[in-house]
>>> print(open('run.cif').read())   # mmCIF, C-alpha atoms and all ligand atoms
data_model
loop_
_atom_site.label_atom_id
_atom_site.label_comp_id
_atom_site.auth_asym_id
_atom_site.auth_seq_id
_atom_site.Cartn_x
_atom_site.Cartn_y
_atom_site.Cartn_z
CA MET F 1 0.00 0.00 0.00
CA SER F 2 2.76 2.41 0.92
CA THR F 3 4.96 3.91 -1.76
CA THR F 4 7.87 4.67 0.56
CA THR F 5 8.22 1.66 2.79
CA SER F 6 11.95 1.70 2.18
CA THR F 7 12.23 4.70 4.49
CA ALA F 8 10.17 3.16 7.29
CA THR F 9 12.03 2.53 10.49
CA PRO F 10 10.65 0.35 13.28
CA GLU F 11 9.78 3.51 15.25
CA THR F 12 7.55 4.82 12.48
CA ARG F 13 5.55 1.62 12.11
CA LYS F 14 2.19 1.84 13.78
CA PRO F 15 0.03 -0.72 15.51
CA PRO F 16 -3.03 -1.74 13.48
CA THR F 17 -6.34 0.02 14.16
CA GLU F 18 -9.69 -1.46 13.22
CA ASN F 19 -11.49 0.67 10.64
CA PRO F 20 -9.55 3.90 11.14
CA VAL F 21 -11.10 7.08 9.72
CA PHE F 22 -7.73 8.31 8.47
CA SER F 23 -4.79 6.02 7.97
CA VAL F 24 -1.49 7.71 7.20
CA GLU F 25 1.71 5.87 6.34
CA ASN F 26 5.18 7.21 5.76
CA LEU F 27 3.88 10.60 4.77
CA TRP F 28 6.34 13.24 3.58
CA LYS F 29 5.89 16.82 2.51
CA VAL F 30 9.06 18.41 1.27
CA PHE F 31 9.16 22.01 0.05
CA GLY F 32 11.93 23.02 -2.32
CA PRO F 33 13.68 22.00 -5.53
CA LYS F 34 13.38 18.34 -6.58
CA ALA F 35 11.41 17.70 -3.42
CA HIS F 36 10.46 14.16 -4.44
CA THR F 37 14.08 13.01 -4.37
CA VAL F 38 14.36 13.54 -0.60
CA PRO F 39 12.07 10.76 0.72
CA ALA F 40 13.34 8.38 -1.97
CA ASP F 41 17.01 8.78 -1.02
CA PRO F 42 17.88 7.30 2.39
CA ASP F 43 20.95 9.56 2.70
CA LEU F 44 18.91 12.72 2.15
CA ALA F 45 16.00 11.41 4.22
CA ALA F 46 18.32 10.92 7.18
CA LEU F 47 19.65 14.51 7.19
CA ASP F 48 18.65 16.92 9.94
CA PRO F 49 16.76 20.08 8.90
CA ALA F 50 19.88 22.27 8.62
CA GLY F 51 21.81 19.57 6.73
CA LEU F 52 18.93 18.99 4.33
CA ARG F 53 18.58 22.70 3.63
CA GLU F 54 22.31 23.01 3.00
CA ARG F 55 22.54 19.99 0.67
CA THR F 56 19.29 20.42 -1.25
CA GLY F 57 17.67 23.76 -0.38
CA CYS F 58 14.62 21.78 0.80
CA THR F 59 12.56 21.81 3.99
CA ALA F 60 10.92 18.57 5.13
CA ALA F 61 7.78 20.04 6.74
CA VAL F 62 6.41 16.53 7.28
CA ARG F 63 8.93 13.75 7.65
CA ASP F 64 7.98 10.08 7.43
CA VAL F 65 4.86 10.33 9.57
CA SER F 66 2.52 7.38 10.22
CA PHE F 67 -0.62 7.29 12.35
CA ASP F 68 -4.26 6.27 12.37
CA VAL F 69 -7.15 8.44 13.48
CA ARG F 70 -9.67 6.18 15.18
CA LYS F 71 -13.37 6.63 14.81
CA GLY F 72 -14.78 8.91 17.51
CA GLU F 73 -11.47 10.10 18.94
CA VAL F 74 -10.00 13.57 19.32
CA PHE F 75 -6.57 13.22 17.75
CA VAL F 76 -4.37 16.15 18.68
CA VAL F 77 -1.34 17.25 16.68
CA MET F 78 0.90 19.31 18.90
CA GLY F 79 4.25 20.97 18.43
CA LEU F 80 6.04 24.29 18.41
CA SER F 81 5.65 26.82 15.63
CA GLY F 82 7.13 25.49 12.39
CA SER F 83 7.07 21.84 13.50
CA GLY F 84 4.79 20.88 10.58
CA LYS F 85 1.32 20.68 12.16
CA SER F 86 -0.60 22.70 9.56
CA THR F 87 1.21 21.06 6.68
CA LEU F 88 0.41 17.61 8.05
CA VAL F 89 -3.30 18.30 8.52
CA ARG F 90 -3.62 20.02 5.14
CA CYS F 91 -2.07 16.99 3.48
CA LEU F 92 -4.95 14.86 4.81
CA THR F 93 -7.37 16.38 2.33
CA ARG F 94 -4.65 17.41 -0.12
CA LEU F 95 -5.07 21.11 0.44
CA ILE F 96 -1.31 20.61 0.30
CA GLU F 97 -0.08 17.86 -2.04
CA PRO F 98 2.02 15.26 -0.18
CA THR F 99 5.43 14.42 -1.60
CA ALA F 100 5.36 10.72 -0.66
CA GLY F 101 3.47 8.22 1.43
CA THR F 102 -0.13 7.08 1.66
CA ILE F 103 -3.29 8.58 3.11
CA ALA F 104 -6.57 6.69 3.26
CA ILE F 105 -9.97 7.81 4.51
CA ASP F 106 -12.24 4.87 5.36
CA GLY F 107 -9.86 2.72 3.36
CA GLU F 108 -10.07 4.90 0.24
CA ASP F 109 -6.78 6.17 -1.18
CA VAL F 110 -6.87 9.97 -0.92
CA ARG F 111 -3.85 10.42 -3.18
CA ALA F 112 -5.64 8.57 -5.97
CA MET F 113 -8.78 10.74 -5.82
CA ASP F 114 -9.70 12.81 -8.85
CA LYS F 115 -10.83 16.43 -8.57
CA THR F 116 -14.51 15.61 -8.14
CA ARG F 117 -13.92 13.02 -5.47
CA LEU F 118 -11.52 15.36 -3.68
CA ARG F 119 -14.07 18.16 -3.69
CA GLU F 120 -16.58 15.78 -2.21
CA LEU F 121 -14.07 14.74 0.46
CA ARG F 122 -13.54 18.37 1.51
CA ARG F 123 -17.19 19.34 1.34
CA HIS F 124 -18.87 16.35 2.93
CA ARG F 125 -16.43 14.15 4.75
CA ALA F 126 -13.68 16.23 6.33
CA ALA F 127 -14.62 19.81 7.24
CA MET F 128 -11.93 22.25 8.32
CA VAL F 129 -12.22 24.92 11.03
CA PHE F 130 -9.53 27.57 10.63
CA GLN F 131 -7.91 29.94 13.08
CA HIS F 132 -9.13 33.05 11.31
CA PHE F 133 -12.69 31.90 10.95
CA GLY F 134 -12.88 32.50 7.18
CA LEU F 135 -16.37 34.00 7.45
CA LEU F 136 -18.09 35.93 4.69
CA PRO F 137 -18.43 39.48 6.07
CA HIS F 138 -21.58 40.51 4.21
CA ARG F 139 -23.58 37.48 5.13
CA THR F 140 -25.57 36.87 8.27
CA VAL F 141 -24.61 34.24 10.80
CA LEU F 142 -27.29 31.95 9.43
CA ASP F 143 -26.13 32.32 5.83
CA ASN F 144 -22.50 31.84 6.81
CA VAL F 145 -23.43 28.61 8.56
CA ALA F 146 -25.54 27.52 5.59
CA TYR F 147 -22.70 28.26 3.16
CA GLY F 148 -21.29 24.74 3.13
CA LEU F 149 -24.75 23.36 2.41
CA GLU F 150 -25.27 25.93 -0.32
CA ILE F 151 -22.19 24.82 -2.21
CA GLN F 152 -23.40 21.25 -1.78
CA GLY F 153 -26.53 22.28 -3.65
CA VAL F 154 -28.95 21.87 -0.73
CA GLY F 155 -32.17 23.90 -1.28
CA LYS F 156 -32.68 27.21 0.53
CA ALA F 157 -35.43 26.16 2.94
CA GLU F 158 -33.66 23.00 3.99
CA ARG F 159 -30.28 24.59 4.43
CA ARG F 160 -31.71 27.41 6.54
CA GLU F 161 -33.49 24.91 8.71
CA ARG F 162 -30.35 22.83 9.19
CA ALA F 163 -28.23 25.92 9.78
CA ALA F 164 -30.66 27.15 12.45
CA GLU F 165 -30.34 23.83 14.28
CA VAL F 166 -26.55 23.99 14.29
CA VAL F 167 -26.52 27.66 15.29
CA ALA F 168 -28.56 26.72 18.36
CA LYS F 169 -26.26 23.79 19.07
CA VAL F 170 -23.20 26.04 19.36
CA GLY F 171 -24.99 28.57 21.56
CA LEU F 172 -25.63 31.35 19.05
CA GLU F 173 -29.41 31.41 19.23
CA GLY F 174 -30.76 34.93 18.77
CA MET F 175 -27.73 36.02 16.70
CA GLU F 176 -28.80 34.40 13.43
CA HIS F 177 -29.26 37.71 11.64
CA ARG F 178 -26.10 39.46 12.78
CA ARG F 179 -23.11 39.86 10.51
CA PRO F 180 -19.64 38.66 11.54
CA GLY F 181 -18.53 42.26 12.27
CA GLN F 182 -21.19 42.45 14.98
CA LEU F 183 -19.82 39.43 16.86
CA SER F 184 -17.01 38.90 19.36
CA GLY F 185 -14.03 36.73 18.43
CA GLY F 186 -15.43 33.79 20.37
CA GLN F 187 -18.81 34.11 18.72
CA ARG F 188 -17.18 34.28 15.30
CA GLN F 189 -15.32 31.09 16.03
CA ARG F 190 -18.60 29.49 17.01
CA VAL F 191 -19.92 30.45 13.59
CA GLY F 192 -16.87 28.83 12.00
CA LEU F 193 -17.50 25.70 14.04
CA ALA F 194 -21.21 25.70 13.19
CA ARG F 195 -20.43 26.03 9.51
CA ALA F 196 -18.20 22.97 9.64
CA LEU F 197 -20.79 21.03 11.64
CA ALA F 198 -23.65 21.96 9.31
CA VAL F 199 -22.40 19.64 6.60
CA ASP F 200 -22.39 16.81 9.16
CA PRO F 201 -18.85 15.73 8.28
CA GLU F 202 -17.40 12.41 9.29
CA VAL F 203 -14.33 14.18 10.67
CA LEU F 204 -13.66 17.75 11.78
CA LEU F 205 -10.19 19.17 11.22
CA PHE F 206 -9.22 22.12 13.44
CA ASP F 207 -6.12 24.21 12.73
CA GLU F 208 -5.43 26.14 15.95
CA PRO F 209 -9.00 27.43 16.01
CA PHE F 210 -8.82 29.03 19.42
CA SER F 211 -5.35 30.51 19.54
CA ALA F 212 -6.60 34.03 18.71
CA LEU F 213 -9.17 33.99 21.51
CA ASP F 214 -8.70 35.35 24.99
CA PRO F 215 -8.26 32.73 27.73
CA LEU F 216 -11.81 32.67 29.12
CA ILE F 217 -13.48 32.45 25.73
CA ARG F 218 -10.92 29.91 24.74
CA ARG F 219 -11.90 27.76 27.69
CA ASP F 220 -15.57 28.04 26.69
CA MET F 221 -14.73 26.88 23.19
CA GLN F 222 -12.64 24.00 24.47
CA GLU F 223 -15.58 22.90 26.57
CA GLU F 224 -17.76 23.17 23.49
CA VAL F 225 -15.45 20.77 21.68
CA VAL F 226 -15.43 18.36 24.60
CA ARG F 227 -19.23 18.49 24.70
CA LEU F 228 -19.58 17.87 20.96
CA HIS F 229 -17.18 15.02 21.27
CA HIS F 230 -19.10 13.40 24.13
CA GLU F 231 -22.59 14.07 22.86
CA GLU F 232 -22.07 13.34 19.21
CA GLY F 233 -18.99 11.14 19.19
CA ARG F 234 -17.44 13.30 16.47
CA THR F 235 -14.05 12.30 15.15
CA MET F 236 -11.72 15.29 15.31
CA VAL F 237 -8.18 16.14 14.38
CA PHE F 238 -7.16 19.13 16.43
CA ILE F 239 -3.96 21.12 15.98
CA THR F 240 -2.55 23.16 18.80
CA HIS F 241 0.79 24.41 20.05
CA ASP F 242 -0.68 24.68 23.54
CA LEU F 243 0.16 21.72 25.77
CA SER F 244 -2.65 22.25 28.26
CA GLU F 245 -5.16 22.42 25.40
CA ALA F 246 -3.73 19.21 23.97
CA LEU F 247 -3.93 17.43 27.31
CA LYS F 248 -7.46 18.64 27.90
CA LEU F 249 -8.89 17.72 24.50
CA GLY F 250 -6.81 14.86 23.19
CA ASP F 251 -7.66 11.20 23.45
CA ARG F 252 -4.28 10.78 21.82
CA ILE F 253 -1.59 13.31 21.03
CA ALA F 254 1.00 13.25 18.26
CA LEU F 255 3.89 15.45 19.33
CA MET F 256 5.80 16.86 16.37
CA ARG F 257 9.30 18.19 16.10
CA ASP F 258 10.97 19.28 12.84
CA GLY F 259 8.30 17.51 10.78
CA ALA F 260 8.54 14.15 12.57
CA VAL F 261 6.26 12.68 15.20
CA VAL F 262 8.48 12.19 18.23
CA GLN F 263 5.80 10.57 20.38
CA LEU F 264 2.24 9.42 19.84
CA GLY F 265 0.23 8.45 22.87
CA THR F 266 -2.46 9.30 25.36
CA PRO F 267 -1.94 12.42 27.46
CA GLU F 268 -1.07 10.10 30.30
CA GLU F 269 1.55 8.23 28.28
CA ILE F 270 3.13 11.46 27.09
CA VAL F 271 3.28 12.99 30.56
CA GLY F 272 4.03 9.74 32.41
CA SER F 273 6.50 8.16 29.99
CA PRO F 274 8.07 10.80 27.73
CA ALA F 275 9.79 9.14 24.78
CA ASP F 276 12.90 11.30 24.92
CA ASP F 277 14.47 14.38 26.49
CA TYR F 278 12.67 16.69 24.10
CA VAL F 279 9.25 15.41 25.19
CA ARG F 280 10.36 15.34 28.83
CA GLU F 281 11.32 18.99 28.60
CA PHE F 282 8.05 19.79 26.85
CA VAL F 283 5.90 18.30 29.62
CA ARG F 284 8.14 19.29 32.52
CA ASP F 285 5.73 21.80 34.05
CA VAL F 286 2.58 19.74 33.68
CA PRO F 287 0.94 18.93 37.02
CA ARG F 288 1.40 15.18 36.70
CA GLU F 289 -1.06 14.35 39.46
CA GLN F 290 -3.88 15.81 37.38
CA VAL F 291 -3.03 13.82 34.25
CA LEU F 292 -1.81 10.46 35.52
CA THR F 293 -4.47 7.99 36.61
CA VAL F 294 -4.36 5.27 39.21
CA ARG F 295 -4.53 2.66 36.45
CA THR F 296 -0.92 3.49 35.70
CA ALA F 297 0.12 4.53 39.20
CA MET F 298 -1.02 1.35 41.00
CA ARG F 299 1.12 -1.50 42.22
CA THR F 300 0.29 -5.15 42.93
CA ALA F 301 -2.02 -5.63 45.90
CA SER F 302 -1.30 -8.06 48.72
CA ALA F 303 -4.19 -10.35 49.73
CA ASP F 304 -4.93 -8.10 52.73
CA GLU F 305 -4.86 -4.92 50.73
CA ALA F 306 -7.14 -6.35 48.03
CA GLY F 307 -9.89 -6.89 50.62
CA SER F 308 -10.20 -3.47 52.23
CA GLY F 309 -9.53 0.26 51.81
CA PRO F 310 -11.27 2.94 49.80
CA ALA F 311 -12.19 2.04 46.22
CA LEU F 312 -11.25 4.13 43.17
CA ALA F 313 -12.12 3.74 39.50
CA PRO F 314 -9.06 3.13 37.27
CA GLU F 315 -9.63 6.53 35.65
CA ALA F 316 -9.35 8.40 38.98
CA THR F 317 -6.45 10.83 38.88
CA VAL F 318 -3.46 10.57 41.16
CA SER F 319 -4.59 13.82 42.71
CA GLU F 320 -7.96 12.28 43.64
CA ALA F 321 -6.18 9.21 44.97
CA ILE F 322 -3.90 11.27 47.20
CA GLU F 323 -6.99 12.79 48.78
CA ALA F 324 -8.74 9.43 49.22
CA VAL F 325 -5.65 7.85 50.80
CA ALA F 326 -5.16 10.84 53.11
CA ARG F 327 -8.81 10.69 54.23
CA SER F 328 -8.84 6.98 54.97
CA GLY F 329 -5.25 6.51 56.11
CA ALA F 330 -5.12 3.23 54.15
CA PRO F 331 -4.02 2.31 50.62
CA ALA F 332 -6.80 2.76 48.06
CA ARG F 333 -7.94 -0.12 45.85
CA VAL F 334 -8.29 0.32 42.11
CA MET F 335 -11.53 -1.45 41.27
CA GLU F 336 -12.98 -2.44 37.91
CA ASN F 337 -16.10 -4.60 37.53
CA GLY F 338 -15.82 -5.70 41.15
CA ARG F 339 -12.17 -6.76 40.74
CA CYS F 340 -9.25 -5.23 42.55
CA LEU F 341 -6.67 -4.40 39.86
CA GLY F 342 -4.08 -3.10 42.29
CA VAL F 343 -3.52 -0.56 45.04
CA VAL F 344 -2.03 2.87 45.48
CA ASP F 345 -0.53 4.00 48.76
CA HIS F 346 0.85 7.37 49.77
CA GLU F 347 4.50 6.61 48.98
CA ARG F 348 3.67 5.20 45.58
CA LEU F 349 1.50 8.19 44.65
CA ILE F 350 4.07 10.74 45.76
CA GLY F 351 6.76 8.79 43.90
CA VAL F 352 4.72 8.80 40.70
CA VAL F 353 4.15 12.56 40.98
CA ALA F 354 7.83 13.19 41.63
CA GLY F 355 8.81 10.88 38.79
CA THR F 356 10.87 8.58 41.02
CA GLU F 357 8.31 5.77 40.55
CA ARG F 358 7.82 4.98 36.90
CA PRO F 359 4.13 4.64 36.06
CA VAL F 360 3.03 1.39 34.49
CA ALA F 361 1.53 1.76 31.02
CA ALA F 362 -2.01 0.38 30.89
CA GLY F 363 -2.12 -3.17 29.58
CA THR F 364 1.45 -4.04 30.51
CA GLU F 365 2.29 -7.30 32.20
CA GLN F 366 2.36 -5.83 35.67
CA ALA F 367 -1.04 -4.23 35.23
CA LYS F 368 -2.51 -7.45 33.90
CA GLU F 369 -1.14 -9.89 36.43
CA VAL F 370 -2.68 -8.11 39.42
CA VAL F 371 -5.93 -9.73 40.51
N1 LIG F 401 4.83 26.82 1.08
C1 LIG F 401 5.93 26.61 1.79
N2 LIG F 401 7.15 26.69 1.22
C2 LIG F 401 8.27 26.43 1.92
N3 LIG F 401 8.29 26.08 3.20
C3 LIG F 401 7.11 25.99 3.84
C4 LIG F 401 5.87 26.24 3.18
N4 LIG F 401 4.87 26.05 4.07
C5 LIG F 401 5.46 25.71 5.23
N5 LIG F 401 6.79 25.66 5.09
C6 LIG F 401 7.77 25.31 6.15
O1 LIG F 401 7.40 24.05 6.67
C7 LIG F 401 7.58 24.00 8.07
C8 LIG F 401 6.29 23.61 8.75
O2 LIG F 401 5.33 24.63 8.59
P1 LIG F 401 3.88 24.53 9.20
O3 LIG F 401 3.11 25.72 8.76
O4 LIG F 401 3.30 23.21 8.88
O5 LIG F 401 4.17 24.61 10.77
P2 LIG F 401 3.20 24.72 11.99
O6 LIG F 401 3.61 23.67 12.95
O7 LIG F 401 1.78 24.71 11.53
O8 LIG F 401 3.57 26.13 12.61
P3 LIG F 401 2.64 27.26 13.32
O9 LIG F 401 2.42 26.78 14.74
O10 LIG F 401 3.50 28.48 13.29
O11 LIG F 401 1.37 27.40 12.54
C9 LIG F 401 8.11 25.36 8.47
O12 LIG F 401 9.50 25.27 8.55
C10 LIG F 401 7.70 26.25 7.33
O13 LIG F 401 8.58 27.32 7.18
MG MG F 402 0.21 26.12 11.61
#
>>> encode(input="run.cif", output="structure tokens", more="lines below")
Ligand SMILES: Nc1ncnc2c1ncn2[C@@H]1O[C@H](COP(=O)(O)OP(=O)(O)OP(=O)(O)O)[C@@H](O)[C@H]1O
Ligand SMILES: [Mg+2]
Amino acid sequence: MSTTTSTATPETRKPPTENPVFSVENLWKVFGPKAHTVPADPDLAALDPAGLRERTGCTAAVRDVSFDVRKGEVFVVMGLSGSGKSTLVRCLTRLIEPTAGTIAIDGEDVRAMDKTRLRELRRHRAAMVFQHFGLLPHRTVLDNVAYGLEIQGVGKAERRERAAEVVAKVGLEGMEHRRPGQLSGGQRQRVGLARALAVDPEVLLFDEPFSALDPLIRRDMQEEVVRLHHEEGRTMVFITHDLSEALKLGDRIALMRDGAVVQLGTPEEIVGSPADDYVREFVRDVPREQVLTVRTAMRTASADEAGSGPALAPEATVSEAIEAVARSGAPARVMENGRCLGVVDHERLIGVVAGTERPVAAGTEQAKEVV
């Protein structure tokens, strides 16, 4: 399936996902002269950004990236400015043409799509929400929201009805007849979100949609995304350079550096088990006790411990566990379906927060063997 498997290293191979929405393998986007030669030549492909620029005049904005976006998840792409986030997400619908690699949506090869199919992909299946809203200034809120339906050829009455529903869903009821200039930044972004939702896409792609908003409105919008995700089970790809936003929204996070994905994992995996010094430095100031859960913090329970003590769900945070243990004075049991998976005591919890106790990744041998 892949056209560039020769450049795949074990680290870039991904575990299989059942029916992924997007499946990306060994994707490259190189800007510059003779860009296509870079992924094909192992010597060039191995160069660091400065070396590549010097030898070829090229920039590898996306460098041998592989991942799946699972149905119903919020997949966050995070990284500093210039790390390749926008380029990567634009490649998914070929707003930017990839240089090498494969992209599939629901198993269909995106790189093989003709113009008509591609237009359909962008209009119906993968809707993009941009940072600068991209609203039409002379149209009302309602007509801006209905715009995507209009270009789909949906009739006026139906599109207005559907637009009104979505406008209400994002909390803009009563503002249907205003123009974008009469709205706050947060409200404008809600219009942008409503417009993407109106076409009922299979996946929503967000390119730093909230970075221009002030912190309180930004929080509102983040909660809106969380709510949409929970209530509608929308699949989303969400770009941000903000770590706390990534941790709050992401089911999984791909952390990018210089075009490559340096770690892909749950917020807990990224904070609890950084893949390298770069990631460790990135997450250094994160309050670990609020991200790590007892599922990864627990240790094996003795027979005595398994029978008594306060009970916590595996998803309870370390911070909640510290409170429960302090209140009861005894180790807390991590319970799932009436089974004790393990226990957390004060020393263990403090050790996990301090990083002196290495958390156990969910599903590892130690986590499984505990009864
Ligand atoms: N059209 C282009 N021509 C040449 N280089 C480009 C082009 N577009 C992007 N790049 C380079 O590719 C790299 C990745 O850019 P990209 O816009 O994807 O980064 P980003 O992570 O989205 O950054 P930001 O957080 O600032 O939006 C950067 O080094 C950028 O300069
Ligand atoms: Mg960008």
>>> residues_near_ligand(input="run.cif", ligand="ligand MG 402 (chain F)", cutoff="9 Å", atoms="all atoms listed in the file", output="MDAnalysis selection string")
chainID F and resid 81:87 207:208 239:241
>>> atom_distance(input="run.cif", atom1="CA of Asn19 in chain F", atom2="CA of Leu92 in chain F")
16.7 Å
>>> closest_residue(input="run.cif", among="F:Asp258, F:Glu173, F:Asp200, F:Glu18", to="ligand LIG 401 (chain F)", atoms="only C-alpha atoms and all ligand atoms")
F:Asp258
>>> residues_near_point(input="run.cif", point="(-29.6, 25.2, 9.0)", cutoff="9 Å", atoms="only C-alpha atoms", output="list in words")
Leu142, Asp143, Val145, Ala146, Leu149, Ala157, Glu158, Arg159, Arg160, Glu161, Arg162, Ala163, Ala164, Glu165, Val166, Val167 and Ala198 of chain F
>>> residues_around(input="run.cif", residues="Val199 in chain F", least_positions_apart="3", cutoff="9 Å", atoms="all atoms listed in the file", output="JSON, numbers by chain")
{"F": [123, 124, 125, 127, 146, 148, 149, 152, 162, 195, 196]}
>>> axis_aligned_box(input="run.cif", around="range 158-174 of chain F", padding_each_side="6 Å", output="JSON")
{"center_x": -28.4, "center_y": 28.9, "center_z": 12.8, "size_x": 22.5, "size_y": 24.1, "size_z": 29.6}
>>> atom_distance(input="run.cif", atom1="CA of Ala303 in chain F", atom2="CA of Gly342 in chain F")
10.4 Å
>>> closest_residue(input="run.cif", among="F:Asp109, F:Asp251, F:Glu224, F:Glu97", to="ligand LIG 401 (chain F)", atoms="only C-alpha atoms and all ligand atoms")
F:Glu97
>>> closest_residue(input="run.cif", among="F:Leu255, F:Leu183, F:Val69, F:Val237", to="ligand LIG 401 (chain F)", atoms="only C-alpha atoms and all ligand atoms")
F:Leu255
>>> closest_residue(input="run.cif", among="F:Ser244, F:Glu120, F:Ile253, F:Thr300", to="Gly153 in chain F", atoms="all atoms listed in the file")
F:Glu120
>>> closest_residue(input="run.cif", among="F:Gly250, F:Pro42, F:Pro331, F:Gly259", to="Thr59 in chain F", atoms="only C-alpha atoms")
F:Gly259
>>> closest_residue(input="run.cif", among="F:Val110, F:Met256, F:Ala46, F:Ala168", to="ligand LIG 401 (chain F)", atoms="all atoms listed in the file")
F:Met256
>>> atom_distance(input="run.cif", atom1="CA of Gly155 in chain F", atom2="CA of His229 in chain F")
28.5 Å
>>> residues_around(input="run.cif", residues="Gln222 in chain F", least_positions_apart="3", cutoff="10 Å", atoms="all atoms listed in the file", output="MDAnalysis selection string")
chainID F and resid 209:210 216:219 225:228 245 248:249
>>> residues_near_point(input="run.cif", point="(-12.3, 18.8, 14.7)", cutoff="8 Å", atoms="all atoms listed in the file", output="number ranges by chain")
F: 74, 127-129, 203-206, 225, 234-238
>>> residues_around(input="run.cif", residues="Glu336 in chain F", least_positions_apart="2", cutoff="10 Å", atoms="only C-alpha atoms", output="PyMOL selection string")
chain F and resi 295+311-315+333-334+338-342
>>> build_atoms(input="run.cif", residues="range 74-86 of chain F", atoms="N, CA, C and O atoms", output="PDB file, in the coordinates of the input")
ATOM      1  N   VAL F  74     -10.603  12.266  19.592  1.00  0.00           N
ATOM      2  CA  VAL F  74     -10.000  13.570  19.320  1.00  0.00           C
ATOM      3  C   VAL F  74      -8.498  13.314  19.225  1.00  0.00           C
ATOM      4  O   VAL F  74      -7.856  12.955  20.207  1.00  0.00           O
ATOM      5  N   PHE F  75      -7.984  13.468  18.012  1.00  0.00           N
ATOM      6  CA  PHE F  75      -6.570  13.220  17.750  1.00  0.00           C
ATOM      7  C   PHE F  75      -5.882  14.580  17.678  1.00  0.00           C
ATOM      8  O   PHE F  75      -6.189  15.378  16.798  1.00  0.00           O
ATOM      9  N   VAL F  76      -5.012  14.835  18.628  1.00  0.00           N
ATOM     10  CA  VAL F  76      -4.370  16.150  18.680  1.00  0.00           C
ATOM     11  C   VAL F  76      -2.984  16.094  18.038  1.00  0.00           C
ATOM     12  O   VAL F  76      -2.232  15.144  18.269  1.00  0.00           O
ATOM     13  N   VAL F  77      -2.691  17.096  17.217  1.00  0.00           N
ATOM     14  CA  VAL F  77      -1.340  17.250  16.680  1.00  0.00           C
ATOM     15  C   VAL F  77      -0.739  18.460  17.366  1.00  0.00           C
ATOM     16  O   VAL F  77      -1.272  19.570  17.263  1.00  0.00           O
ATOM     17  N   MET F  78       0.326  18.237  18.108  1.00  0.00           N
ATOM     18  CA  MET F  78       0.900  19.310  18.900  1.00  0.00           C
ATOM     19  C   MET F  78       2.379  19.494  18.541  1.00  0.00           C
ATOM     20  O   MET F  78       3.049  18.542  18.148  1.00  0.00           O
ATOM     21  N   GLY F  79       2.839  20.714  18.682  1.00  0.00           N
ATOM     22  CA  GLY F  79       4.250  20.970  18.430  1.00  0.00           C
ATOM     23  C   GLY F  79       4.471  22.468  18.373  1.00  0.00           C
ATOM     24  O   GLY F  79       3.513  23.244  18.246  1.00  0.00           O
ATOM     25  N   LEU F  80       5.731  22.864  18.446  1.00  0.00           N
ATOM     26  CA  LEU F  80       6.040  24.290  18.410  1.00  0.00           C
ATOM     27  C   LEU F  80       5.785  24.849  17.021  1.00  0.00           C
ATOM     28  O   LEU F  80       5.576  24.094  16.064  1.00  0.00           O
ATOM     29  N   SER F  81       5.825  26.168  16.919  1.00  0.00           N
ATOM     30  CA  SER F  81       5.650  26.820  15.630  1.00  0.00           C
ATOM     31  C   SER F  81       6.674  26.296  14.625  1.00  0.00           C
ATOM     32  O   SER F  81       7.857  26.173  14.954  1.00  0.00           O
ATOM     33  N   GLY F  82       6.228  25.965  13.429  1.00  0.00           N
ATOM     34  CA  GLY F  82       7.130  25.490  12.390  1.00  0.00           C
ATOM     35  C   GLY F  82       7.404  23.996  12.442  1.00  0.00           C
ATOM     36  O   GLY F  82       8.160  23.467  11.625  1.00  0.00           O
ATOM     37  N   SER F  83       6.776  23.281  13.371  1.00  0.00           N
ATOM     38  CA  SER F  83       7.070  21.840  13.500  1.00  0.00           C
ATOM     39  C   SER F  83       6.353  21.005  12.437  1.00  0.00           C
ATOM     40  O   SER F  83       6.623  19.811  12.309  1.00  0.00           O
ATOM     41  N   GLY F  84       5.401  21.613  11.701  1.00  0.00           N
ATOM     42  CA  GLY F  84       4.790  20.880  10.580  1.00  0.00           C
ATOM     43  C   GLY F  84       3.316  20.524  10.779  1.00  0.00           C
ATOM     44  O   GLY F  84       2.740  19.802   9.963  1.00  0.00           O
ATOM     45  N   LYS F  85       2.702  21.051  11.824  1.00  0.00           N
ATOM     46  CA  LYS F  85       1.320  20.680  12.160  1.00  0.00           C
ATOM     47  C   LYS F  85       0.336  21.019  11.039  1.00  0.00           C
ATOM     48  O   LYS F  85      -0.438  20.167  10.595  1.00  0.00           O
ATOM     49  N   SER F  86       0.369  22.287  10.589  1.00  0.00           N
ATOM     50  CA  SER F  86      -0.600  22.700   9.560  1.00  0.00           C
ATOM     51  C   SER F  86      -0.364  21.934   8.266  1.00  0.00           C
ATOM     52  O   SER F  86      -1.307  21.503   7.608  1.00  0.00           O
TER      53      SER F  86
END
